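Colleague: Here you go, this is final-v5.txt (compact mmCIF, C-alpha atoms and all ligand atoms).
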# COMPACT_ATOMS: atom_id res chain seq x y z
CA MET Y 1 116.87 132.21 81.54
CA THR Y 2 117.92 129.33 83.67
CA ASN Y 3 120.86 127.02 83.73
CA ASP Y 4 118.63 124.14 84.81
CA PRO Y 5 118.76 121.58 81.98
CA ARG Y 6 115.39 120.11 82.84
CA VAL Y 7 112.45 120.51 80.51
CA PRO Y 8 108.72 120.29 81.26
CA GLY Y 9 107.78 116.69 81.92
CA ASP Y 10 111.32 115.83 82.95
CA PRO Y 11 111.28 112.64 85.05
CA HIS Y 12 113.18 114.47 87.79
CA ASP Y 13 110.06 116.48 88.57
CA VAL Y 14 108.56 113.59 90.52
CA TYR Y 15 111.54 113.61 92.85
CA LEU Y 16 110.64 117.13 93.95
CA GLU Y 17 107.33 115.76 95.22
CA TYR Y 18 108.83 112.72 96.84
CA GLY Y 19 110.35 114.25 99.98
CA ALA Y 20 107.13 115.70 101.33
CA ARG Y 21 104.98 112.76 100.31
CA SER Y 22 107.22 110.11 101.81
CA ARG Y 23 106.79 111.58 105.29
CA GLN Y 24 102.99 111.47 105.17
CA PRO Y 25 101.54 108.87 107.49
CA VAL Y 26 99.47 106.48 105.40
CA VAL Y 27 97.80 104.83 108.35
CA PRO Y 28 94.95 106.12 110.49
CA PRO Y 29 96.53 108.05 113.35
CA GLU Y 30 95.28 105.98 116.28
CA ASP Y 31 97.75 103.30 117.26
CA GLY Y 32 97.13 99.80 118.45
CA PRO Y 33 94.61 97.07 117.78
CA SER Y 34 91.56 97.18 115.59
CA ARG Y 35 88.49 98.94 117.02
CA TYR Y 36 86.06 96.74 115.11
CA LEU Y 37 84.10 93.74 116.29
CA GLY Y 38 84.80 91.43 113.37
CA ALA Y 39 83.08 88.07 113.49
CA GLY Y 40 83.63 87.60 117.21
CA THR Y 41 85.62 85.18 119.34
CA ALA Y 42 83.41 82.15 118.66
CA ALA Y 43 84.20 82.34 114.94
CA ALA Y 44 87.92 82.74 115.67
CA ALA Y 45 87.84 79.69 117.95
CA GLU Y 46 86.00 77.67 115.29
CA ILE Y 47 88.67 78.64 112.76
CA SER Y 48 91.46 77.63 115.13
CA ARG Y 49 89.87 74.20 115.63
CA GLY Y 50 89.47 73.89 111.87
CA VAL Y 51 93.13 74.61 111.24
CA GLU Y 52 94.22 72.12 113.89
CA ALA Y 53 92.05 69.42 112.30
CA LEU Y 54 93.53 70.19 108.87
CA ARG Y 55 97.08 70.46 110.06
CA PRO Y 56 98.35 66.97 109.12
CA GLU Y 57 97.09 67.47 105.56
CA LEU Y 58 98.51 71.01 105.33
CA GLU Y 59 101.90 69.76 106.51
CA ALA Y 60 101.75 66.93 103.96
CA LEU Y 61 100.93 69.45 101.22
CA ALA Y 62 103.86 71.69 102.19
CA ALA Y 63 106.18 68.67 102.19
CA ALA Y 64 104.90 67.37 98.86
CA LEU Y 65 105.43 70.75 97.16
CA HIS Y 66 108.88 71.02 98.74
CA ALA Y 67 109.83 67.58 97.39
CA ASP Y 68 108.64 68.33 93.85
CA PRO Y 69 109.33 72.01 93.16
CA GLU Y 70 108.07 73.54 89.91
CA THR Y 71 108.95 76.99 88.56
CA GLY Y 72 106.59 79.70 87.38
CA PHE Y 73 103.79 78.82 84.91
CA ASP Y 74 104.93 75.19 85.11
CA GLU Y 75 103.32 74.32 88.44
CA HIS Y 76 101.04 71.59 87.05
CA ARG Y 77 101.64 68.89 89.67
CA SER Y 78 101.55 71.46 92.47
CA VAL Y 79 98.17 72.76 91.39
CA ARG Y 80 96.86 69.22 91.05
CA ARG Y 81 97.93 68.43 94.61
CA ILE Y 82 96.20 71.54 95.91
CA ALA Y 83 93.02 70.89 93.92
CA THR Y 84 92.89 67.29 95.16
CA LEU Y 85 93.14 68.38 98.79
CA LEU Y 86 90.42 70.98 98.26
CA GLN Y 87 88.24 68.36 96.58
CA GLU Y 88 88.66 65.98 99.53
CA HIS Y 89 87.12 68.71 101.66
CA GLY Y 90 84.23 69.38 99.31
CA ALA Y 91 85.65 72.44 97.56
CA ASP Y 92 85.82 72.37 93.76
CA ALA Y 93 88.76 74.27 92.33
CA GLU Y 94 88.55 75.59 88.80
CA VAL Y 95 92.05 74.79 87.51
CA GLY Y 96 93.15 76.81 84.49
CA ALA Y 97 91.13 79.86 85.59
CA PHE Y 98 91.76 83.31 84.07
CA GLY Y 99 93.32 81.79 80.96
CA LEU Y 100 96.37 80.52 82.87
CA GLU Y 101 96.90 76.74 83.00
CA THR Y 102 98.33 76.80 86.51
CA ALA Y 103 96.00 79.35 88.08
CA PHE Y 104 92.94 78.20 89.99
CA ARG Y 105 89.97 79.49 91.95
CA ALA Y 106 87.69 77.92 94.51
CA THR Y 107 84.76 79.83 95.99
CA ALA Y 108 82.42 79.36 98.93
CA GLY Y 109 79.47 81.34 100.22
CA ALA Y 110 76.70 83.39 98.68
CA GLY Y 111 76.85 84.83 95.17
CA ASP Y 112 76.41 88.43 96.19
CA GLY Y 113 77.59 90.38 99.20
CA PRO Y 114 81.17 91.15 100.15
CA HIS Y 115 83.90 89.03 98.61
CA PHE Y 116 87.29 88.31 100.19
CA ALA Y 117 90.03 86.42 98.33
CA VAL Y 118 92.76 84.40 100.03
CA ILE Y 119 95.79 84.21 97.74
CA ALA Y 120 97.99 81.13 97.31
CA GLU Y 121 101.37 80.96 95.56
CA TYR Y 122 103.20 77.70 94.80
CA ASP Y 123 106.02 78.42 92.33
CA ALA Y 124 109.61 77.53 93.19
CA LEU Y 125 112.94 79.10 92.33
CA PRO Y 126 115.15 77.59 89.62
CA GLY Y 127 117.84 75.38 91.15
CA ILE Y 128 117.04 76.04 94.82
CA GLY Y 129 113.48 74.73 95.07
CA HIS Y 130 111.10 76.28 97.57
CA ALA Y 131 113.70 78.68 98.93
CA CYS Y 132 111.08 81.44 98.96
CA GLY Y 133 108.71 79.29 101.01
CA HIS Y 134 105.83 79.32 98.53
CA ASN Y 135 105.09 75.73 99.55
CA LEU Y 136 104.06 77.18 102.93
CA ILE Y 137 102.14 80.01 101.25
CA ALA Y 138 100.05 77.34 99.52
CA ALA Y 139 99.48 75.47 102.80
CA ILE Y 140 98.58 78.74 104.58
CA GLY Y 141 96.14 79.66 101.81
CA VAL Y 142 94.44 76.25 101.63
CA GLY Y 143 94.27 76.07 105.43
CA ALA Y 144 92.83 79.58 105.74
CA PHE Y 145 90.23 78.93 103.06
CA LEU Y 146 89.01 75.56 104.32
CA ALA Y 147 89.00 76.63 107.98
CA ALA Y 148 86.98 79.75 107.16
CA VAL Y 149 84.35 78.14 104.93
CA PRO Y 150 81.96 77.00 107.72
CA ALA Y 151 81.89 80.48 109.26
CA VAL Y 152 81.45 82.13 105.86
CA VAL Y 153 78.55 79.85 104.96
CA ARG Y 154 76.90 80.61 108.30
CA LEU Y 155 77.61 84.35 108.52
CA GLY Y 156 77.32 85.36 104.86
CA GLY Y 157 79.57 86.83 102.23
CA ARG Y 158 81.78 85.09 99.73
CA LEU Y 159 85.27 83.69 100.14
CA SER Y 160 87.57 82.64 97.31
CA LEU Y 161 90.93 80.94 97.22
CA ILE Y 162 92.80 82.25 94.19
CA GLY Y 163 95.89 80.35 93.11
CA THR Y 164 98.35 82.67 91.41
CA PRO Y 165 101.25 81.19 89.41
CA ALA Y 166 104.70 82.54 88.69
CA GLU Y 167 105.22 85.09 91.46
CA GLU Y 168 108.97 84.79 91.01
CA ASN Y 169 109.33 85.36 87.29
CA GLY Y 170 106.08 86.00 85.49
CA GLY Y 171 103.71 88.31 87.35
CA GLY Y 172 100.84 85.83 87.50
CA LYS Y 173 98.74 88.20 89.59
CA GLU Y 174 98.98 90.98 86.99
CA HIS Y 175 97.89 88.50 84.31
CA ILE Y 176 94.90 87.58 86.49
CA LEU Y 177 94.11 91.26 87.11
CA ARG Y 178 94.16 91.89 83.34
CA ALA Y 179 91.83 88.92 82.83
CA GLY Y 180 89.36 90.51 85.27
CA GLY Y 181 90.01 87.91 87.97
CA PHE Y 182 89.87 90.48 90.77
CA ASP Y 183 87.08 92.66 89.36
CA ASP Y 184 84.47 91.24 91.75
CA VAL Y 185 86.82 90.90 94.75
CA ASP Y 186 86.52 93.51 97.54
CA ALA Y 187 89.58 92.67 99.65
CA ALA Y 188 92.36 90.09 99.65
CA GLY Y 189 95.18 88.69 101.72
CA MET Y 190 98.07 86.26 101.86
CA ALA Y 191 101.03 85.68 104.15
CA HIS Y 192 104.66 85.18 103.15
CA PRO Y 193 107.22 83.26 105.23
CA THR Y 194 110.42 85.01 106.21
CA GLY Y 195 113.47 84.30 108.33
CA GLY Y 196 113.93 84.87 112.03
CA SER Y 197 111.09 85.56 114.41
CA GLY Y 198 109.39 87.89 111.95
CA THR Y 199 107.95 90.11 114.66
CA SER Y 200 109.23 93.34 113.12
CA PRO Y 201 107.46 92.94 109.75
CA ILE Y 202 104.29 91.64 111.39
CA TRP Y 203 102.61 94.91 110.48
CA GLY Y 204 103.51 94.44 106.87
CA GLU Y 205 106.01 96.29 104.78
CA ARG Y 206 105.68 98.38 101.71
CA THR Y 207 107.71 96.80 98.97
CA THR Y 208 109.19 98.31 95.87
CA GLY Y 209 107.74 97.84 92.43
CA VAL Y 210 109.99 96.40 89.74
CA ARG Y 211 110.20 96.75 85.98
CA ARG Y 212 112.54 94.67 83.84
CA VAL Y 213 114.43 96.43 81.07
CA SER Y 214 116.35 94.28 78.62
CA VAL Y 215 118.62 95.69 75.94
CA ARG Y 216 120.34 94.14 72.95
CA TYR Y 217 122.91 96.18 71.05
CA ARG Y 218 123.57 95.43 67.40
CA GLY Y 219 126.96 96.45 65.99
CA ARG Y 220 129.18 95.08 63.26
CA ALA Y 221 131.57 92.14 63.51
CA ALA Y 222 135.18 92.44 62.38
CA HIS Y 223 138.51 90.77 63.12
CA ALA Y 224 139.51 92.34 66.42
CA ALA Y 225 143.19 92.37 65.43
CA GLY Y 226 143.10 92.43 61.62
CA THR Y 227 140.49 95.11 60.89
CA PRO Y 228 139.23 96.48 64.20
CA TRP Y 229 138.40 99.82 62.51
CA LEU Y 230 135.63 98.05 60.62
CA GLY Y 231 133.92 96.92 63.80
CA LEU Y 232 131.11 98.47 65.82
CA ASN Y 233 131.48 96.92 69.26
CA ALA Y 234 128.19 95.87 70.85
CA LEU Y 235 129.98 94.76 74.03
CA ASP Y 236 131.38 98.28 74.40
CA ALA Y 237 127.79 99.50 74.25
CA VAL Y 238 126.76 97.12 77.04
CA VAL Y 239 129.74 98.17 79.19
CA THR Y 240 129.01 101.86 78.59
CA ALA Y 241 125.36 101.26 79.47
CA TYR Y 242 126.30 99.40 82.62
CA GLN Y 243 128.66 102.19 83.70
CA SER Y 244 126.03 104.83 82.95
CA VAL Y 245 123.49 103.00 85.11
CA ALA Y 246 126.10 102.63 87.86
CA GLN Y 247 126.71 106.40 87.78
CA LEU Y 248 122.97 107.04 87.78
CA ARG Y 249 122.67 104.92 90.92
CA GLN Y 250 124.34 107.59 93.04
CA HIS Y 251 121.57 110.08 92.24
CA ILE Y 252 118.45 108.04 92.81
CA LEU Y 253 116.01 108.04 95.72
CA PRO Y 254 116.43 105.98 98.87
CA ILE Y 255 113.36 104.00 97.74
CA ASP Y 256 114.95 103.23 94.35
CA ARG Y 257 117.05 100.23 93.35
CA VAL Y 258 118.59 99.34 90.01
CA HIS Y 259 120.77 96.35 89.22
CA GLY Y 260 121.70 94.44 86.12
CA ILE Y 261 123.71 91.68 84.53
CA ILE Y 262 125.34 91.15 81.16
CA THR Y 263 123.44 88.32 79.50
CA ASP Y 264 125.49 88.14 76.29
CA GLY Y 265 129.01 89.53 76.00
CA GLY Y 266 130.09 88.22 72.61
CA ALA Y 267 131.41 84.96 71.21
CA ALA Y 268 135.21 85.20 71.12
CA PRO Y 269 137.83 87.87 71.90
CA ASN Y 270 139.07 87.98 68.31
CA ILE Y 271 135.63 88.83 66.97
CA VAL Y 272 134.41 92.38 67.57
CA PRO Y 273 131.05 91.52 69.20
CA GLU Y 274 128.26 92.11 66.74
CA GLN Y 275 125.62 91.54 69.40
CA ALA Y 276 125.63 91.93 73.17
CA SER Y 277 122.86 92.23 75.70
CA ALA Y 278 122.05 93.06 79.30
CA LEU Y 279 119.10 92.85 81.65
CA PHE Y 280 118.32 95.43 84.34
CA TYR Y 281 115.78 95.43 87.17
CA VAL Y 282 114.50 98.90 87.97
CA ARG Y 283 112.76 99.24 91.33
CA SER Y 284 111.10 102.02 93.25
CA GLY Y 285 108.74 102.41 96.19
CA GLU Y 286 106.11 104.44 94.34
CA ILE Y 287 104.51 104.14 90.94
CA ASP Y 288 105.47 107.56 89.58
CA THR Y 289 109.06 107.29 90.75
CA LEU Y 290 109.20 103.79 89.22
CA ARG Y 291 108.16 105.27 85.89
CA ALA Y 292 110.67 108.14 86.24
CA LEU Y 293 113.57 105.87 87.12
CA THR Y 294 112.73 103.60 84.19
CA ASP Y 295 112.87 106.60 81.84
CA ARG Y 296 116.29 107.53 83.21
CA VAL Y 297 117.63 103.99 82.77
CA VAL Y 298 116.28 103.83 79.22
CA ALA Y 299 117.98 107.16 78.44
CA ALA Y 300 121.28 105.75 79.73
CA LEU Y 301 120.88 102.68 77.51
CA GLU Y 302 120.10 104.84 74.47
CA GLY Y 303 123.12 107.03 75.21
CA ALA Y 304 125.40 104.00 75.09
CA ALA Y 305 124.20 103.23 71.56
CA LEU Y 306 124.95 106.77 70.45
CA ALA Y 307 128.40 106.63 72.02
CA THR Y 308 129.34 103.39 70.27
CA GLY Y 309 127.57 103.71 66.93
CA THR Y 310 125.46 100.66 67.64
CA VAL Y 311 121.70 100.22 67.58
CA ALA Y 312 119.87 99.58 70.86
CA GLU Y 313 116.82 97.31 70.95
CA ILE Y 314 115.26 98.06 74.31
CA ASP Y 315 112.41 95.97 75.73
CA VAL Y 316 110.69 97.54 78.74
CA ASP Y 317 108.43 95.16 80.69
CA PRO Y 318 109.07 91.85 78.93
CA VAL Y 319 107.01 90.57 81.86
CA PRO Y 320 104.39 92.76 83.56
CA PRO Y 321 105.66 95.29 86.06
CA TYR Y 322 105.31 94.48 89.75
CA LEU Y 323 103.84 97.51 91.48
CA PRO Y 324 104.76 98.83 94.93
CA LEU Y 325 102.91 97.01 97.71
CA GLU Y 326 100.79 99.09 100.10
CA PRO Y 327 99.33 97.08 102.97
CA ASN Y 328 95.84 98.03 104.14
CA VAL Y 329 96.43 98.92 107.77
CA GLU Y 330 92.90 98.22 109.03
CA LEU Y 331 93.18 94.69 107.65
CA MET Y 332 96.68 94.41 109.08
CA ARG Y 333 95.24 95.23 112.51
CA ARG Y 334 92.91 92.24 112.23
CA TRP Y 335 95.79 90.01 111.15
CA ALA Y 336 98.06 91.19 113.96
CA GLY Y 337 95.26 90.88 116.52
CA ALA Y 338 94.52 87.31 115.42
CA LEU Y 339 98.20 86.38 115.66
CA GLY Y 340 98.33 87.97 119.11
CA GLU Y 341 95.44 85.72 120.17
CA ARG Y 342 97.61 82.75 119.18
CA GLY Y 343 100.46 83.91 121.42
CA TRP Y 344 102.55 86.02 119.08
CA ARG Y 345 104.17 89.10 120.54
CA ILE Y 346 102.86 92.04 118.55
CA PRO Y 347 104.96 95.25 118.54
CA PRO Y 348 103.21 98.63 118.28
CA SER Y 349 102.16 99.48 114.75
CA PRO Y 350 104.44 101.99 113.06
CA ALA Y 351 102.98 105.28 111.79
CA VAL Y 352 104.46 104.57 108.39
CA PRO Y 353 105.01 100.96 107.28
CA SER Y 354 108.65 100.14 106.78
CA GLN Y 355 109.97 99.96 103.23
CA SER Y 356 111.68 96.85 101.94
CA GLY Y 357 113.81 96.42 98.84
CA PRO Y 358 112.38 93.34 97.10
CA SER Y 359 109.18 93.26 95.08
CA THR Y 360 106.13 91.02 94.66
CA ASP Y 361 103.26 90.89 92.20
CA MET Y 362 100.97 91.06 95.24
CA GLY Y 363 101.78 94.78 95.00
CA ASN Y 364 99.59 94.95 91.90
CA VAL Y 365 96.71 93.48 93.90
CA THR Y 366 97.17 96.00 96.74
CA GLN Y 367 97.00 98.83 94.19
CA PHE Y 368 93.73 97.44 92.83
CA LEU Y 369 91.88 96.65 96.08
CA PRO Y 370 92.53 96.70 99.84
CA ALA Y 371 94.86 93.81 100.59
CA ILE Y 372 97.59 92.56 102.91
CA HIS Y 373 100.82 90.61 102.47
CA PRO Y 374 102.30 90.27 105.96
CA SER Y 375 105.48 88.35 106.65
CA ILE Y 376 105.42 85.44 109.06
CA GLY Y 377 108.70 84.51 110.69
CA LEU Y 378 109.57 80.82 110.68
CA GLY Y 379 111.73 81.06 113.79
CA GLY Y 380 114.95 80.12 112.06
CA PRO Y 381 118.42 81.60 112.49
CA GLU Y 382 118.72 85.13 111.14
CA ASP Y 383 120.92 83.97 108.26
CA VAL Y 384 118.37 81.44 106.99
CA HIS Y 385 116.46 83.74 104.72
CA PRO Y 386 114.36 83.55 101.57
CA HIS Y 387 116.23 82.84 98.30
CA ASN Y 388 118.84 80.84 100.21
CA ALA Y 389 118.64 77.07 99.69
CA ALA Y 390 118.70 76.46 103.46
CA PHE Y 391 115.38 78.30 103.75
CA ALA Y 392 113.62 75.67 101.60
CA ASP Y 393 114.49 72.94 104.12
CA TRP Y 394 113.67 75.18 107.05
CA THR Y 395 110.04 75.45 105.86
CA LEU Y 396 109.44 71.88 107.08
CA ARG Y 397 110.90 72.32 110.58
CA PRO Y 398 108.42 72.13 113.49
CA ALA Y 399 108.75 75.87 114.23
CA ALA Y 400 107.98 76.70 110.60
CA LEU Y 401 104.94 74.43 110.56
CA ASP Y 402 103.70 76.04 113.78
CA ALA Y 403 104.00 79.43 112.07
CA MET Y 404 102.16 78.05 109.04
CA ALA Y 405 99.21 76.98 111.20
CA ASP Y 406 99.15 80.33 113.03
CA ALA Y 407 99.24 82.22 109.74
CA ALA Y 408 96.43 80.11 108.28
CA ALA Y 409 94.24 80.79 111.32
CA ALA Y 410 95.07 84.52 111.39
CA LEU Y 411 94.37 84.92 107.68
CA ALA Y 412 91.09 83.02 107.94
CA THR Y 413 90.06 85.15 110.93
CA THR Y 414 90.92 88.33 109.01
CA ALA Y 415 88.78 87.19 106.07
CA VAL Y 416 85.80 86.20 108.19
CA ASP Y 417 86.04 89.40 110.24
CA TYR Y 418 85.96 91.41 107.02
CA LEU Y 419 82.96 89.56 105.64
CA ALA Y 420 80.99 89.70 108.92
CA ASP Y 421 81.57 93.31 110.00
CA PRO Y 422 80.19 96.15 107.83
CA ALA Y 423 81.93 98.81 109.97
CA LEU Y 424 85.30 97.13 109.42
CA ARG Y 425 84.61 96.91 105.68
CA ALA Y 426 83.76 100.61 105.61
CA ALA Y 427 87.01 101.50 107.41
CA VAL Y 428 89.07 99.28 105.11
CA GLY Y 429 87.43 100.87 102.08
CA ALA Y 430 87.83 104.42 103.41
CA GLU Y 431 91.55 103.88 103.98
CA PHE Y 432 91.94 102.51 100.46
CA ALA Y 433 90.03 105.45 98.97
CA ALA Y 434 92.06 107.96 100.99
CA ARG Y 435 95.24 106.52 99.53
CA GLY Y 436 93.97 107.13 96.02
CA GLY Y 437 91.68 104.18 95.33
CA ARG Y 438 91.84 101.61 92.57
CA TYR Y 439 94.88 101.76 90.30
CA ARG Y 440 95.30 99.64 87.21
CA TRP Y 441 98.63 99.68 85.38
CA SER Y 442 98.70 100.95 81.81
CA ASP Y 443 101.67 101.91 79.69
ZN ZN T 501 110.95 85.07 96.22
ZN ZN T 502 108.20 84.73 97.65
Translate this file's structure into structure tokens.
Ligand SMILES: [Zn+2]
Ligand SMILES: [Zn+2]

Modeller:
Amino acid sequence: MTNDPRVPGDPHDVYLEYGARSRQPVVPPEDGPSRYLGAGTAAAAEISRGVEALRPELEALAAALHADPETGFDEHRSVRRIATLLQEHGADAEVGAFGLETAFRATAGAGDGPHFAVIAEYDALPGIGHACGHNLIAAIGVGAFLAAVPAVVRLGGRLSLIGTPAEENGGGKEHILRAGGFDDVDAAGMAHPTGGSGTSPIWGERTTGVRRVSVRYRGRAAHAAGTPWLGLNALDAVVTAYQSVAQLRQHILPIDRVHGIITDGGAAPNIVPEQASALFYVRSGEIDTLRALTDRVVAALEGAALATGTVAEIDVDPVPPYLPLEPNVELMRRWAGALGERGWRIPPSPAVPSQSGPSTDMGNVTQFLPAIHPSIGLGGPEDVHPHNAAFADWTLRPAALDAMADAAAALATTAVDYLADPALRAAVGAEFAARGGRYRWSD
């Protein structure tokens, strides 16, 4: 007999594993720069010259996207601008790739051999434009791709630029994964602008995964003063659910986050709300803890229906889940080394990448193949940060555009190093396999 209320398969079981696992170093033990040759200094210099030559057009692209922001899956003019620029440099982009109107792919190099994909995002935030800096992500991606093409054509391998819509609200990369868009890709990378100098996250952070859970409660309307005993109050169900999730929050892991809003609270105080709804974001730093926390949140939402006599309609994953991001450290070493060559101060690599709270659909890519998503600081004040309107304007400051050019060159160098150096590719692949290898989300 036990007084432990858990049953086999209880979601809490994964928390027992978490403590030990979270202290495991996920990076190869030796510190410092990459040990591999890559493509050599001549290729890196060629890439740097290529980025400098492209820079006026990259800056114009970043400014044009900033001036005409489009939100997820609606980025038609943005994609057209990118495709036009690629075309002017002899690269044909397939717009509407992977069954998504605002996705695209351009490819250079030989049909077989290793394949690296540079990732571009270009969706904006509703109301505050390019406050996540995806206009610069597009410029970095286009610059990296075009600057790397000559070296790729000469040295071998294949390089793609994959344009992924709706990072902010739709999980474009998971849609592309499901359409097989990454099946023939061996490694991938992108860079994301951030505030400040950005030296601390230069090694890349793990990010949480996120699942959306929406709930609508259905009760029964009644006059709130005349016949309240006839009512079943759906707003009470939402409030009970919200309180239950708030109580749950005290007993979740340090890598977990959960937050929600009430999206419908009824029509008028004198009508017992017949319908009410809420939306929660459930986040965690690992896939199994993300599943476990989601189960616990769903149980809290179901409990609120029982308590209030209402019916809960719960929708888990109305958009695809974003999975935790795991940077490939061998690729990060190439990125950091290339930035160091351009004058960036590179701190020692941490034994365990730091963990950040937000999420990105690039996480899904890093679970599927070795990939990186480093942050690049735009040199702004510490309080000018992504998802703040001031950050959108900061992306066009001279310091931000310098960072854009450096990121484009470092990303291109990383890609060309990967394609040119079989020993580096083997190390990148071995690290990915040691972490568990290819993971594809399924319910
Ligand atoms: Zn964002
Ligand atoms: Zn972003």

Colleague: Find the distance between CA of Phe73 (chain Y) and CA of Asp123 (chain Y) and write it in Å to one decimal.

Modeller: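 So the answer is 7.8 Å.
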
Colleague: Do you know which residues are within 7 Å of ligand ZN 502 (chain T) using only C-alpha atoms and all ligand atoms? Can you write them as a PyMOL selection string?

Modeller: chain Y and resi 132-134+167-168+192

Colleague: Show me, as JSON, the centre and edge lengths in Å to one decimal of the axis-aligned box that covers every listed atom of region 373-377 of chain Y with 8 Å on each side.

Modeller:
{"center_x": 104.8, "center_y": 87.6, "center_z": 106.6, "size_x": 23.9, "size_y": 22.1, "size_z": 24.2}

Colleague: Using only C-alpha atoms, which residues sit within 7 Å of Thr308 (chain Y) once same-chain residues fewer than 3 positions away are excluded, as a PyMOL selection string?

Modeller: chain Y and resi 232-233+236-237+304-305

Colleague: Show which residues sit within 10 Å of Tyr242 (chain Y), as a VMD selection string. Count only C-alpha atoms, and ignore same-chain residues fewer than 3 positions away.

Modeller: chain Y and resid 236 to 239 245 to 248 259 to 262 278 to 280 297 300 to 301 304

Colleague: Would you work out the distance separating CA of Ala225 (chain Y) from CA of Asp264 (chain Y), expressed in Å to one decimal?

Modeller: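 CA of Asp264 (chain Y) lies 21.2 Å from CA of Ala225 (chain Y).
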
Colleague: Need the shell around region 200-215 of chain Y: protein/DNA/RNA residues with any atom at most 6 Å away, counting only C-alpha atoms. Skip same-chain ones fewer than 5 positions apart. Format as a ChimeraX atom specification?

Modeller: /Y:277-285,313-317,321-326,353-357,359,374-375

Colleague: Mind writing the picked residues with C-alpha atoms as a JSON list (two decimals), in the coordinates of the input?

Modeller:
[["chain", "number", "residue", "atom", "x", "y", "z"],
["Y", 277, "SER", "CA", 122.86, 92.23, 75.70],
["Y", 278, "ALA", "CA", 122.05, 93.06, 79.30],
["Y", 279, "LEU", "CA", 119.10, 92.85, 81.65],
["Y", 280, "PHE", "CA", 118.32, 95.43, 84.34],
["Y", 281, "TYR", "CA", 115.78, 95.43, 87.17],
["Y", 282, "VAL", "CA", 114.50, 98.90, 87.97],
["Y", 283, "ARG", "CA", 112.76, 99.24, 91.33],
["Y", 284, "SER", "CA", 111.10, 102.02, 93.25],
["Y", 285, "GLY", "CA", 108.74, 102.41, 96.19],
["Y", 313, "GLU", "CA", 116.82, 97.31, 70.95],
["Y", 314, "ILE", "CA", 115.26, 98.06, 74.31],
["Y", 315, "ASP", "CA", 112.41, 95.97, 75.73],
["Y", 316, "VAL", "CA", 110.69, 97.54, 78.74],
["Y", 317, "ASP", "CA", 108.43, 95.16, 80.69],
["Y", 321, "PRO", "CA", 105.66, 95.29, 86.06],
["Y", 322, "TYR", "CA", 105.31, 94.48, 89.75],
["Y", 323, "LEU", "CA", 103.84, 97.51, 91.48],
["Y", 324, "PRO", "CA", 104.76, 98.83, 94.93],
["Y", 325, "LEU", "CA", 102.91, 97.01, 97.71],
["Y", 326, "GLU", "CA", 100.79, 99.09, 100.10],
["Y", 353, "PRO", "CA", 105.01, 100.96, 107.28],
["Y", 354, "SER", "CA", 108.65, 100.14, 106.78],
["Y", 355, "GLN", "CA", 109.97, 99.96, 103.23],
["Y", 356, "SER", "CA", 111.68, 96.85, 101.94],
["Y", 357, "GLY", "CA", 113.81, 96.42, 98.84],
["Y", 359, "SER", "CA", 109.18, 93.26, 95.08],
["Y", 374, "PRO", "CA", 102.30, 90.27, 105.96],
["Y", 375, "SER", "CA", 105.48, 88.35, 106.65]]

Colleague: Could you list, as a PyMOL selection string, every residue within 12 Å of Phe368 (chain Y), counting all atoms listed in the file and ignoring same-chain residues fewer than 3 positions away?

Modeller: chain Y and resi 173-174+176-178+180-188+323-328+361-365+371-372+429+432-433+435-441

Colleague: Compare Y:Pro318, Y:Pro114, Y:Gly50, Y:Gly129 by their minimum atom-to-atom distance to Ala63 (chain Y), counting only C-alpha atoms, and give me the closest one.

Modeller: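 Result for the nearest residue to Ala63 (chain Y): Y:Gly129.
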